[in-house]
Structure formats: structure tokens, C-alpha cells
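Enquirer: Next up, work12.txt (compact mmCIF, C-alpha atoms).
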# COMPACT_ATOMS: atom_id res chain seq x y z
CA MET A 1 10.61 19.92 9.74
CA LEU A 2 12.07 16.61 10.92
CA HIS A 3 10.65 13.62 9.07
CA ILE A 4 10.92 10.35 10.94
CA VAL A 5 10.73 7.15 8.89
CA ASN A 6 10.54 3.82 10.73
CA LYS A 7 9.66 1.13 8.20
CA SER A 8 11.86 -0.79 5.80
CA PRO A 9 11.40 0.56 2.26
CA PHE A 10 11.48 -3.05 1.11
CA GLU A 11 8.21 -3.59 2.95
CA ARG A 12 6.37 -0.27 3.09
CA ASN A 13 6.17 3.03 1.22
CA GLY A 14 6.88 5.45 4.11
CA LEU A 15 10.31 6.47 2.82
CA LYS A 16 9.06 6.85 -0.74
CA SER A 17 6.14 9.04 0.34
CA CYS A 18 8.33 11.04 2.69
CA LEU A 19 10.79 11.78 -0.12
CA ARG A 20 7.86 12.94 -2.26
CA LEU A 21 6.19 15.13 0.38
CA ALA A 22 9.07 16.51 2.43
CA LYS A 23 9.97 20.06 1.58
CA PRO A 24 13.57 20.50 0.42
CA GLY A 25 15.66 21.73 3.33
CA SER A 26 14.01 19.27 5.75
CA ALA A 27 15.83 16.68 7.82
CA ILE A 28 15.00 12.99 7.43
CA LEU A 29 15.80 10.49 10.19
CA LEU A 30 15.70 6.72 9.64
CA ILE A 31 14.86 4.69 12.74
CA GLU A 32 13.83 1.11 13.55
CA ASP A 33 13.49 -1.01 10.35
CA ALA A 34 14.01 2.05 8.13
CA ALA A 35 17.66 2.06 9.23
CA VAL A 36 18.34 -0.68 6.65
CA ALA A 37 17.88 1.92 3.91
CA ALA A 38 21.10 3.63 4.99
CA VAL A 39 23.37 0.79 3.84
CA ALA A 40 25.47 1.87 0.84
CA GLY A 41 24.76 -0.11 -2.30
CA SER A 42 21.23 -1.11 -1.23
CA ALA A 43 18.37 -0.28 -3.59
CA PRO A 44 16.82 2.42 -1.31
CA ALA A 45 20.28 3.92 -0.75
CA LYS A 46 20.15 5.10 -4.36
CA ASP A 47 16.95 7.05 -3.67
CA ILE A 48 18.59 8.63 -0.64
CA ALA A 49 21.81 9.49 -2.48
CA ALA A 50 19.77 11.10 -5.27
CA ARG A 51 18.16 13.49 -2.75
CA MET A 52 21.25 14.22 -0.67
CA GLY A 53 21.26 17.78 -2.02
CA ASP A 54 17.65 18.40 -0.94
CA PHE A 55 17.62 16.95 2.58
CA SER A 56 19.93 16.24 5.48
CA PHE A 57 19.74 12.53 6.20
CA TYR A 58 20.30 10.88 9.57
CA VAL A 59 20.10 7.31 10.79
CA LEU A 60 19.72 6.05 14.36
CA GLY A 61 22.96 4.17 15.17
CA PRO A 62 21.45 1.80 17.76
CA ASP A 63 19.00 0.53 15.11
CA ILE A 64 21.82 -0.01 12.59
CA ASP A 65 23.85 -1.94 15.17
CA ALA A 66 20.89 -4.00 16.39
CA ARG A 67 20.37 -5.28 12.86
CA GLY A 68 23.98 -6.36 12.43
CA LEU A 69 24.68 -3.61 9.94
CA GLY A 70 27.27 -1.77 12.04
CA ASP A 71 30.06 -3.15 9.87
CA LYS A 72 28.50 -1.90 6.63
CA GLU A 73 29.40 1.22 4.79
CA LEU A 74 26.58 3.76 4.85
CA VAL A 75 25.34 6.10 2.13
CA ASP A 76 27.79 8.94 1.67
CA GLY A 77 26.64 12.00 3.59
CA ILE A 78 24.20 10.31 5.98
CA LYS A 79 24.94 11.12 9.62
CA VAL A 80 24.67 8.58 12.42
CA VAL A 81 23.01 9.77 15.63
CA ASP A 82 22.16 8.16 18.97
CA TYR A 83 18.92 8.78 20.92
CA GLY A 84 20.40 12.02 22.28
CA GLY A 85 21.07 13.10 18.70
CA PHE A 86 17.47 12.16 17.83
CA VAL A 87 16.28 14.49 20.61
CA ASP A 88 18.58 17.26 19.37
CA LEU A 89 17.14 16.94 15.85
CA THR A 90 13.60 17.40 17.14
CA VAL A 91 14.77 20.52 18.99
CA GLU A 92 16.66 21.98 16.01
CA GLN A 93 13.73 21.43 13.63
CA ASP A 94 10.54 23.32 14.44
CA THR A 95 8.16 20.37 13.92
CA CYS A 96 8.31 16.65 13.35
CA GLN A 97 6.28 14.23 11.31
CA SER A 98 6.33 10.45 11.57
CA TRP A 99 5.77 8.42 8.40
CA LEU A 100 4.21 5.36 10.05
CA MET B 1 11.90 22.23 25.74
CA LYS B 2 8.53 20.60 26.43
CA PHE B 3 7.79 17.32 24.63
CA GLY B 4 4.55 15.48 24.07
CA ILE B 5 4.92 11.82 23.07
CA LEU B 6 2.34 9.63 21.33
CA VAL B 7 2.77 5.85 21.49
CA ASN B 8 0.50 3.98 19.07
CA GLU B 9 1.64 0.39 19.62
CA GLY B 10 1.87 -2.11 22.46
CA PRO B 11 5.05 -3.32 24.13
CA PHE B 12 5.66 -6.54 22.18
CA THR B 13 4.69 -6.59 18.51
CA HIS B 14 6.36 -3.36 17.44
CA GLN B 15 9.49 -1.44 18.41
CA ALA B 16 7.49 1.80 18.78
CA SER B 17 7.18 1.69 22.57
CA ASP B 18 10.90 0.87 22.97
CA SER B 19 11.87 3.75 20.68
CA ALA B 20 9.58 6.13 22.54
CA TYR B 21 10.97 5.03 25.90
CA ARG B 22 14.60 5.50 24.74
CA PHE B 23 13.68 8.90 23.30
CA VAL B 24 12.08 9.98 26.58
CA LEU B 25 15.13 8.88 28.60
CA ALA B 26 17.46 10.79 26.27
CA ALA B 27 15.26 13.90 26.42
CA LEU B 28 15.19 13.84 30.24
CA GLU B 29 18.96 13.31 30.27
CA LYS B 30 19.32 16.51 28.27
CA GLY B 31 17.18 18.43 30.73
CA HIS B 32 14.02 18.61 28.62
CA GLU B 33 10.55 18.27 30.08
CA ILE B 34 8.13 15.51 29.08
CA TYR B 35 4.72 17.16 29.26
CA ARG B 36 2.84 13.92 28.70
CA VAL B 37 3.09 10.48 27.12
CA PHE B 38 -0.20 9.51 25.50
CA PHE B 39 -0.94 5.87 24.68
CA TYR B 40 -3.37 5.23 21.84
CA HIS B 41 -4.45 2.34 19.60
CA ASP B 42 -2.71 -0.85 20.86
CA GLY B 43 -0.38 1.48 22.78
CA VAL B 44 -2.83 1.19 25.68
CA ASN B 45 -1.39 -2.31 26.29
CA ASN B 46 1.75 -0.65 27.65
CA ALA B 47 -0.29 0.02 30.79
CA ASN B 48 -1.43 -3.57 31.41
CA LYS B 49 0.15 -4.71 34.67
CA LEU B 50 -0.99 -8.31 34.06
CA SER B 51 1.56 -8.73 31.28
CA GLU B 52 4.48 -10.97 32.17
CA PRO B 53 7.38 -10.92 29.74
CA GLN B 54 10.02 -13.64 30.09
CA SER B 55 12.57 -12.93 32.78
CA ASP B 56 15.43 -12.23 30.37
CA ASP B 57 13.35 -9.75 28.35
CA ARG B 58 12.85 -6.04 29.04
CA ASP B 59 9.57 -5.22 30.72
CA LEU B 60 8.24 -2.04 29.13
CA VAL B 61 5.15 -1.90 31.33
CA LYS B 62 7.41 -1.74 34.39
CA LEU B 63 9.86 0.65 32.71
CA TRP B 64 7.13 3.12 31.78
CA SER B 65 5.50 2.67 35.17
CA ALA B 66 8.78 3.55 36.89
CA LEU B 67 9.11 6.70 34.76
CA GLY B 68 5.59 7.67 35.75
CA THR B 69 6.09 7.15 39.47
CA GLU B 70 9.76 8.07 39.97
CA ARG B 71 10.10 10.89 37.44
CA GLU B 72 6.48 12.03 37.74
CA ILE B 73 5.80 11.82 34.04
CA ASP B 74 2.16 12.01 33.06
CA LEU B 75 1.30 8.68 31.40
CA VAL B 76 -2.17 8.84 29.88
CA VAL B 77 -4.04 5.91 28.36
CA CYS B 78 -6.84 6.72 25.92
CA VAL B 79 -10.14 5.64 27.45
CA ALA B 80 -11.91 4.70 24.20
CA ALA B 81 -8.98 2.63 22.94
CA ALA B 82 -8.45 1.08 26.39
CA LEU B 83 -12.04 -0.06 26.95
CA ARG B 84 -12.09 -1.79 23.58
CA ARG B 85 -9.00 -3.73 24.59
CA GLY B 86 -10.09 -4.53 28.11
CA VAL B 87 -7.59 -2.19 29.75
CA LYS B 88 -9.37 -0.82 32.81
CA ASP B 89 -8.42 0.79 36.11
CA ASP B 90 -8.07 -2.52 37.93
CA ILE B 91 -5.32 -3.76 35.63
CA LEU B 92 -3.60 -0.41 35.20
CA ALA B 93 0.07 -0.36 36.18
CA GLU B 94 1.07 2.27 38.72
CA GLY B 95 1.84 5.69 37.28
CA PHE B 96 -0.65 5.44 34.40
CA ARG B 97 -4.05 7.10 34.28
CA ILE B 98 -6.98 6.63 31.90
CA SER B 99 -8.42 9.71 30.26
CA GLY B 100 -9.90 11.07 27.05
CA LEU B 101 -8.45 11.85 23.65
CA GLY B 102 -8.63 15.51 24.60
CA GLN B 103 -5.45 14.86 26.59
CA LEU B 104 -3.65 14.08 23.34
CA ILE B 105 -4.83 17.28 21.71
CA GLU B 106 -3.93 19.20 24.83
CA ALA B 107 -0.42 17.67 24.69
CA GLY B 108 -0.17 18.92 21.10
CA VAL B 109 -1.24 22.40 22.14
CA GLU B 110 0.90 22.66 25.25
CA SER B 111 4.11 20.95 24.10
CA ASP B 112 6.79 22.51 21.91
CA ARG B 113 7.09 19.25 19.98
CA LEU B 114 4.83 16.23 19.62
CA VAL B 115 6.73 13.11 18.59
CA VAL B 116 4.75 10.11 17.31
CA PHE B 117 5.90 6.50 17.60
CA GLY B 118 3.93 3.74 15.92
CA ASP B 119 3.78 0.99 13.33
CA MET C 1 -16.57 25.74 25.16
CA ASP C 2 -16.57 26.30 28.94
CA ASP C 3 -15.07 22.84 29.43
CA PHE C 4 -11.85 23.98 27.82
CA ASP C 5 -11.35 27.18 29.76
CA GLU C 6 -8.18 25.78 31.29
CA PHE C 7 -6.46 26.17 27.92
CA ASP C 8 -7.06 29.90 27.83
CA GLY C 9 -4.17 30.63 30.15
CA ASP C 10 -3.45 34.26 30.83
CA GLY C 11 -3.11 35.41 27.26
CA PRO C 12 -5.09 34.71 24.12
CA GLU C 13 -6.02 31.10 23.47
CA VAL C 14 -3.31 29.15 21.67
CA VAL C 15 -4.36 28.14 18.20
CA LYS C 16 -2.04 25.70 16.50
CA ARG C 17 -2.18 24.14 13.07
CA PHE C 18 -2.92 20.44 13.57
CA MET C 19 -2.67 18.10 10.62
CA TYR C 20 -3.88 14.50 10.60
CA VAL C 21 -2.22 12.39 7.95
CA ASN C 22 -4.10 9.25 6.89
CA ARG C 23 -2.07 6.81 4.82
CA ARG C 24 -3.86 3.51 5.44
CA ALA C 25 -6.91 1.78 4.03
CA PRO C 26 -9.91 1.23 6.33
CA TYR C 27 -10.92 -2.13 7.91
CA GLY C 28 -7.62 -3.99 7.40
CA THR C 29 -6.34 -2.18 10.49
CA VAL C 30 -8.03 -0.01 13.12
CA TYR C 31 -5.95 3.11 12.43
CA ALA C 32 -8.41 4.85 10.08
CA LEU C 33 -11.31 4.50 12.53
CA GLU C 34 -9.33 5.56 15.59
CA CYS C 35 -7.79 8.50 13.74
CA LEU C 36 -11.30 9.65 12.84
CA GLU C 37 -12.21 9.52 16.54
CA THR C 38 -9.23 11.78 17.27
CA ILE C 39 -10.29 14.28 14.62
CA LEU C 40 -13.82 14.50 16.05
CA ILE C 41 -12.42 15.24 19.51
CA ALA C 42 -9.84 17.66 18.14
CA ALA C 43 -12.59 19.69 16.49
CA ALA C 44 -13.89 20.67 19.94
CA PHE C 45 -10.55 22.27 20.80
CA GLU C 46 -10.92 25.03 18.24
CA GLN C 47 -7.53 24.46 16.72
CA ASP C 48 -6.80 24.92 13.03
CA VAL C 49 -7.44 21.35 11.86
CA SER C 50 -6.65 19.86 8.48
CA VAL C 51 -6.86 16.25 7.37
CA VAL C 52 -4.79 14.64 4.63
CA PHE C 53 -5.65 11.45 2.79
CA MET C 54 -2.77 10.04 0.80
CA ASP C 55 -1.32 6.67 -0.20
CA ASP C 56 -3.85 3.98 0.84
CA GLY C 57 -5.56 6.59 3.05
CA VAL C 58 -7.55 7.70 -0.01
CA TYR C 59 -9.52 4.43 0.24
CA GLN C 60 -11.01 5.69 3.50
CA LEU C 61 -13.07 8.15 1.46
CA LYS C 62 -14.20 5.77 -1.29
CA LYS C 63 -17.95 5.92 -1.96
CA ASP C 64 -20.22 2.88 -1.72
CA GLN C 65 -18.42 1.04 1.03
CA ASP C 66 -20.48 -2.00 2.00
CA THR C 67 -19.16 -3.79 5.06
CA ALA C 68 -22.19 -5.98 5.75
CA ALA C 69 -20.49 -9.22 4.76
CA ILE C 70 -17.28 -8.59 6.73
CA GLY C 71 -19.28 -7.82 9.87
CA MET C 72 -17.61 -4.49 10.57
CA LYS C 73 -19.20 -1.07 10.92
CA ASN C 74 -19.02 1.14 7.85
CA PHE C 75 -17.74 4.39 9.31
CA SER C 76 -17.28 6.23 6.01
CA PRO C 77 -20.51 8.30 6.45
CA THR C 78 -18.80 9.98 9.42
CA TYR C 79 -16.42 11.78 7.03
CA ARG C 80 -19.47 13.60 5.72
CA ALA C 81 -20.23 14.79 9.26
CA LEU C 82 -16.84 16.45 9.65
CA GLU C 83 -18.09 19.63 8.08
CA GLY C 84 -20.63 19.95 10.90
CA TYR C 85 -17.70 19.90 13.32
CA GLU C 86 -16.07 22.68 11.34
CA VAL C 87 -13.37 20.36 10.04
CA GLU C 88 -13.41 21.65 6.50
CA LYS C 89 -9.85 21.34 5.28
CA LEU C 90 -9.79 17.91 3.72
CA TYR C 91 -6.88 17.37 1.36
CA VAL C 92 -6.33 14.43 -0.96
CA GLU C 93 -3.07 13.90 -2.79
CA LYS C 94 -3.61 13.76 -6.54
CA GLU C 95 -0.76 11.32 -7.18
CA SER C 96 -2.19 8.83 -4.65
CA LEU C 97 -5.63 8.96 -6.27
CA GLU C 98 -4.27 8.51 -9.77
CA GLU C 99 -1.99 5.65 -8.77
CA ARG C 100 -5.11 3.83 -7.53
CA GLY C 101 -7.28 4.56 -10.55
CA LEU C 102 -9.57 6.86 -8.54
CA THR C 103 -10.83 10.41 -9.03
CA ALA C 104 -12.46 12.97 -6.73
CA GLU C 105 -15.82 11.71 -8.08
CA ASP C 106 -15.22 8.44 -6.27
CA LEU C 107 -15.11 10.06 -2.84
CA VAL C 108 -17.87 10.43 -0.21
CA VAL C 109 -17.06 14.07 0.58
CA PRO C 110 -15.97 17.13 -1.34
CA VAL C 111 -12.22 17.46 -0.87
CA LYS C 112 -9.45 19.61 -2.18
CA VAL C 113 -7.24 17.57 -4.49
CA LEU C 114 -3.65 18.81 -4.37
CA ASN C 115 -0.55 17.62 -6.13
CA SER C 116 2.40 16.61 -3.97
CA ALA C 117 4.17 19.96 -4.45
CA GLU C 118 1.11 21.85 -3.17
CA LEU C 119 0.60 19.44 -0.29
CA GLN C 120 4.29 19.75 0.58
CA GLU C 121 3.82 23.48 1.28
CA ILE C 122 0.79 22.92 3.51
CA MET C 123 2.49 20.11 5.45
CA ALA C 124 5.56 22.21 6.03
CA ALA C 125 3.43 24.98 7.57
CA GLN C 126 1.94 22.80 10.35
CA ASP C 127 2.67 23.00 14.07
CA VAL C 128 1.61 19.47 14.97
CA VAL C 129 1.43 16.52 12.59
CA LEU C 130 -0.33 13.39 13.80
CA SER C 131 -0.11 10.09 12.02
CA SER C 132 -1.30 6.64 12.92
Would you kindly transcribe this structure into C-alpha cells?
Expert:
Amino acid sequence: MLHIVNKSPFERNGLKSCLRLAKPGSAILLIEDAAVAAVAGSAPAKDIAARMGDFSFYVLGPDIDARGLGDKELVDGIKVVDYGGFVDLTVEQDTCQSWL
Amino acid sequence: MKFGILVNEGPFTHQASDSAYRFVLAALEKGHEIYRVFFYHDGVNNANKLSEPQSDDRDLVKLWSALGTEREIDLVVCVAAALRRGVKDDILAEGFRISGLGQLIEAGVESDRLVVFGD
Amino acid sequence: MDDFDEFDGDGPEVVKRFMYVNRRAPYGTVYALECLETILIAAAFEQDVSVVFMDDGVYQLKKDQDTAAIGMKNFSPTYRALEGYEVEKLYVEKESLEERGLTAEDLVVPVKVLNSAELQEIMAAQDVVLSS
């Protein structure tokens, strides 16, 4: 399953709930405002790093860049994808769920 | 692979419609099929041809409309959500059609993946 | 179900597992109401439908909603009608209820209360997950 999170964890609980309900082995993709969670050293980055062994994490590069965070180091192990990579993830995983 | 897309938000307040549009372009680029894009909740506003964004801004109504007409992608606006918001046939941008929620369920049944974009 | 013959195709009718995930409180936004409309339509398609209420979505099922003074329609009785549409798999996440000081007794319909580990398994087994 591909879990898609689109809201900043500073504002909403989508990432937190996703981390609680996603089955280990799933992929988690951060898009739109959720991309801010990928920045190393941020508070949500700790939650992501703690689950790096359970999930494969991805972040949508265009959303990182749009928010001026392209120059920031990202959480170790998170992979940056573009929209094509987003499409590939939905193909590789057998279902997807959006945490709106 | 066949994709169904659900867009739950309009073209201006949220990024959802932009993300969905970029996703659809990338999927087509990779040779996938878009079975249907279904617009629900405020997403029905993506079909309002009366909207006039500023000239230096992207115009999602036109962008979706072009995908519908030029790439023959089925763009369906939920009738119940649309009527509530005053989106009717006479203000519908070209390429969109108004139909029932059954079209969303059908997209879920017929597509290999249903990807949801919203708030 | 003659109206839906077109979905029969050549082979046996496709039955997929559809899950509707409700994570928002009613009234503050339209999502709960419009998601309920989707579920009622979906029931006619004879798919395997389940509905999850978690996070603030559990408030959708709270008993004794009285919307008279906010001027909006109380649509919570409709959840009780779901059974009549053969939508019988209603799941509520235990952690979400507890966090909000609620119990299954507070809800308008009988539901299955599952902890997050149990819900995780059911979610992972779905074909289509709809959220709004």
C-alpha cells in the first residue's frame, strides 16, 4: 500500500495517524505541505527517522523546492521523487490511500 | 495501467487540483491510461468556465478542459455536489460532463488504482 | 440491479473491497455529509463496503446531536439506515475514541471497535480506499 500524506504535521494529524495505521512494509509519500516533514532536524523528522525500518519514505521534490527547502538536508533514508516517480510508486504498490 | 483520479477541492484554495493535474500529466507521459477524473466536494469548481484567474496565474479550469478535449480524458463532475454550488451545464467548461456519484464508484471498480487528491 | 448490468462485463461481476475512511468531525466542514452520500450510492453497486471512523471522524457517530441552533441538518440518523443498505461493516478505532473521552455507548449505531493494529490489517486488505 502507498500512503499519501499531504498536510503539514505542524497543522494536522494526517502523518501521525498514517504512521499509526500503515502496515509495516508500506510506502509513505509526503506531498504538498507534508513535504516540510522531510527536513532533517525538524520535529516530525524524528518520527519519520524512528520508523525508517518499518516503511520506505518518499517526498515529492517539486513540493520541497516550491517551499524553499531544496537547500535543506533531508531525513536520512528518505527518497526524493518527481511526479513521474509518484506515478511509479502507485504502480509498484497495489493500492493507495490518501490521508487528507 | 488504468488510473481513476478523485479531486476533492477547487482550483484556488488548495493545491489538490494542481497535484492531481501534474499526476495525470506524468501518468499519461508514462503511457498509462486515465480512466476517469471525478470531481467531488468543492472539486466541482474546477469545471466552472466563468472563473477568471489573473493573467500571470495558471488556469486549472482551462488546463483540465484541454486534457478533456485534446486527450479525451473523461472529466466527470458530481451532480449533487455541483448543484449545491451552482455549477450547472451552462457554466460547464468544455470537456467536462455532469453525472452521478455512481461514476466515482465505477471508476474505483474499473481502474487498477484510484488516487485521491484533497484537503 | 438491472441499471448496473454494464458492469457485468463478460465474466463474473467484479467485486472489490471499498473502504471509506472518515477522519473529520461533522458540520465544521461538508466532508462527513458528502462522504455519507457516496457510501449510500456505493451500496447499490454491490461491492464489499466498509466504513472507518477514526480521529475526529468518530464525532460523526456521536449520539444526541442537536443542530437546531446552528441551522444545519442533523444527518446522524442516516448512519442508522446504513444497515438497510447492507453496509454493515462499520469500524471505529479504539485509540481515537479513548483520546476523545468517548466509548461505543456514545455512538448512534452498533459498530465494531478495533485497536489500531487490528484496523491496520483490514486497511491493508482493501482494493480501493476513499477519503475526503
Enquirer: Could you jot down the CA of Leu60 (chain A) to CA of Glu72 (chain B) separation for me, Å, one decimal place?
Expert: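 CA of Glu72 (chain B) lies 27.5 Å from CA of Leu60 (chain A).
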Enquirer: When you look at Ile28 (chain A) with a cut-off of 7 Å (counting all atoms listed in the file), what residues show up, excluding the ones that are within fewer than 6 positions of it in the same chain? I need them as a PDB file with C-alpha atoms, in the frame of the given file.
Expert:
ATOM      1  CA  LEU A   2      12.070  16.610  10.920  1.00  0.00           C
ATOM      2  CA  HIS A   3      10.650  13.620   9.070  1.00  0.00           C
ATOM      3  CA  ILE A   4      10.920  10.350  10.940  1.00  0.00           C
ATOM      4  CA  PHE A  55      17.620  16.950   2.580  1.00  0.00           C
ATOM      5  CA  SER A  56      19.930  16.240   5.480  1.00  0.00           C
ATOM      6  CA  PHE A  57      19.740  12.530   6.200  1.00  0.00           C
ATOM      7  CA  TYR A  58      20.300  10.880   9.570  1.00  0.00           C
TER       8      TYR A  58
END
Enquirer: Check the smallest atom-to-atom distance from each of B:Arg36, B:Arg97, B:Arg113, B:Lys2 to Thr90 (chain A) using all atoms listed in the file, then report the winner.
Expert: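 Closest to Thr90 (chain A) of all the choices is B:Arg113.
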Enquirer: For chain B, which residues have at least one atom within 9 Å of chain C, if we go by all atoms listed in the file? Write them as an NGL selection string, please.
Expert: :B and (6 or 8 or 40-41 or 81 or 100-102 or 104-106 or 108-110 or 112-119)
Enquirer: What's the 9 Å shell around region 48-59 of chain B, counting only C-alpha atoms, without same-chain residues fewer than 3 positions away, as a list in words?
Expert: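 Those residues are Pro11, Phe12, Val44, Asn45, Lys62, Leu63, Trp64, Val87, Lys88, Ile91, Leu92, Ala93 and Glu94 of chain B.
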Enquirer: Please list as a list in words every residue within 9 Å of Val24 (chain B), counting all atoms listed in the file and excluding residues in the same chain fewer than 5 positions away.
Expert: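 Contacts, in chain order: Tyr83 and Val87 of chain A; Phe3, Ile5, Ser19, Glu29 and Ile34 of chain B.
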Enquirer: Would you mind listing, as a list in words, all residues of chain C that have at least one atom within 10 Å of chain A, where only C-alpha atoms are what counts?
Expert: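 Taking only C-alpha atoms into account, Met19, Val21, Asn22, Arg23, Arg24, Met54, Asp55, Glu93, Ser96, Asn115, Ser116, Ala117, Glu118, Leu119, Gln120, Glu121, Ile122, Met123, Ala124, Ala125, Gln126, Asp127, Val128, Val129, Leu130, Ser131 and Ser132 of chain C sit within 10 Å of chain A.
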Enquirer: Select, counting only C-alpha atoms, all protein, DNA and RNA residues no farther than 10 Å from (-4.6, 10.4, -1.8) in file coordinates, and express the selection as a PyMOL selection string.
Expert: chain C and resi 22-23+52-61+91-100+102-104+113-116
Enquirer: Measuring between all atoms listed in the file, which one of A:Leu69, A:Leu19, A:Ile78, A:Ala34 shows the shortest distance to chain B?
Expert: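 Comparing A:Leu69, A:Leu19, A:Ile78, A:Ala34 against chain B, the winner is A:Ala34.
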Enquirer: If I take CA of Ala82 (chain B) and CA of Phe38 (chain B), how far is one from the other in Å, to one decimal?
Expert: 11.8 Å
Enquirer: In terms of the shortest atom-to-atom distance over all atoms listed in the file, which of A:Val5, A:Ile31, A:Met52, A:Val59 is closest to Val81 (chain A)?
Expert: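 Ranking A:Val5, A:Ile31, A:Met52, A:Val59 by distance to Val81 (chain A), first place goes to A:Val59.
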Enquirer: For chain A, which of B:Ser111, B:Ser65, B:Ile98, B:Phe39 is the closest residue, counting all atoms listed in the file?
Expert: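 Closest to chain A, using all atoms listed in the file: B:Ser111.
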Enquirer: Could you check the closest approach to Val75 (chain A) for each of A:Leu89, A:Val36, A:Ala49, A:Ala43 and tell me which residue wins, using only C-alpha atoms?
Expert: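 Result for the nearest residue to Val75 (chain A): A:Ala49.
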Enquirer: So what do you get for CA of Ala38 (chain A) versus CA of Glu92 (chain A), distance-wise?
Expert: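 Pair CA of Ala38 (chain A) / CA of Glu92 (chain A) returns 21.9 Å.
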Enquirer: For each of B:Ala47, B:Ala16, B:Ala80, B:Leu75, take the minimum atom-to-atom distance to chain A, counting only C-alpha atoms, then give the residue where this is smallest.
Expert: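 Going through B:Ala47, B:Ala16, B:Ala80, B:Leu75 one by one, the smallest distance to chain A is for B:Ala16.
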Enquirer: As AutoDock Vina command-line options, what would the box around region 90-102 of chain C look like: edges along x, y and z, 3 Å added on every side, centre and edge lengths in Å to one decimal?
Expert:
--center_x -5.3 --center_y 10.9 --center_z -3.4 --size_x 15.0 --size_y 20.1 --size_z 20.3
Enquirer: Need the shell around Gly31 (chain B): protein/DNA/RNA residues with any atom at most 9 Å away, counting all atoms listed in the file. Skip same-chain ones fewer than 4 positions apart. Format as a compact mmCIF listing (two decimals) with C-alpha atoms, keeping the file's coordinate frame?
Expert:
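So the final result, stored in around-v1.txt, reads:
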# COMPACT_ATOMS: atom_id res chain seq x y z
CA MET B 1 11.90 22.23 25.74
CA ALA B 26 17.46 10.79 26.27
CA ALA B 27 15.26 13.90 26.42
Enquirer: Missing atoms in region 96-108 of chain C: can you complete it with N, CA and C atoms, as a compact mmCIF listing (two decimals), in the frame of the given file?
Expert:
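Result saved to out_7.txt:
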# COMPACT_ATOMS: atom_id res chain seq x y z
N SER C 96 -1.69 10.05 -5.32
CA SER C 96 -2.19 8.83 -4.65
C SER C 96 -3.49 8.36 -5.30
N LEU C 97 -4.37 9.31 -5.61
CA LEU C 97 -5.63 8.96 -6.27
C LEU C 97 -5.37 8.31 -7.62
N GLU C 98 -4.53 8.98 -8.40
CA GLU C 98 -4.27 8.51 -9.77
C GLU C 98 -3.63 7.13 -9.79
N GLU C 99 -2.68 6.94 -8.87
CA GLU C 99 -1.99 5.65 -8.77
C GLU C 99 -3.00 4.52 -8.55
N ARG C 100 -4.12 4.85 -7.89
CA ARG C 100 -5.11 3.83 -7.53
C ARG C 100 -6.31 3.81 -8.48
N GLY C 101 -6.20 4.56 -9.56
CA GLY C 101 -7.28 4.56 -10.55
C GLY C 101 -8.53 5.23 -10.04
N LEU C 102 -8.41 6.17 -9.11
CA LEU C 102 -9.57 6.86 -8.54
C LEU C 102 -9.56 8.33 -8.94
N THR C 103 -10.75 8.96 -8.83
CA THR C 103 -10.83 10.41 -9.03
C THR C 103 -11.64 10.98 -7.87
N ALA C 104 -11.70 12.31 -7.80
CA ALA C 104 -12.46 12.97 -6.73
C ALA C 104 -13.93 12.56 -6.75
N GLU C 105 -14.42 12.17 -7.94
CA GLU C 105 -15.82 11.71 -8.08
C GLU C 105 -16.10 10.45 -7.28
N ASP C 106 -15.06 9.71 -6.99
CA ASP C 106 -15.22 8.44 -6.27
C ASP C 106 -15.34 8.62 -4.76
N LEU C 107 -15.22 9.86 -4.28
CA LEU C 107 -15.11 10.06 -2.84
C LEU C 107 -16.43 10.49 -2.19
N VAL C 108 -16.60 10.15 -0.91
CA VAL C 108 -17.87 10.43 -0.21
C VAL C 108 -18.06 11.89 0.17
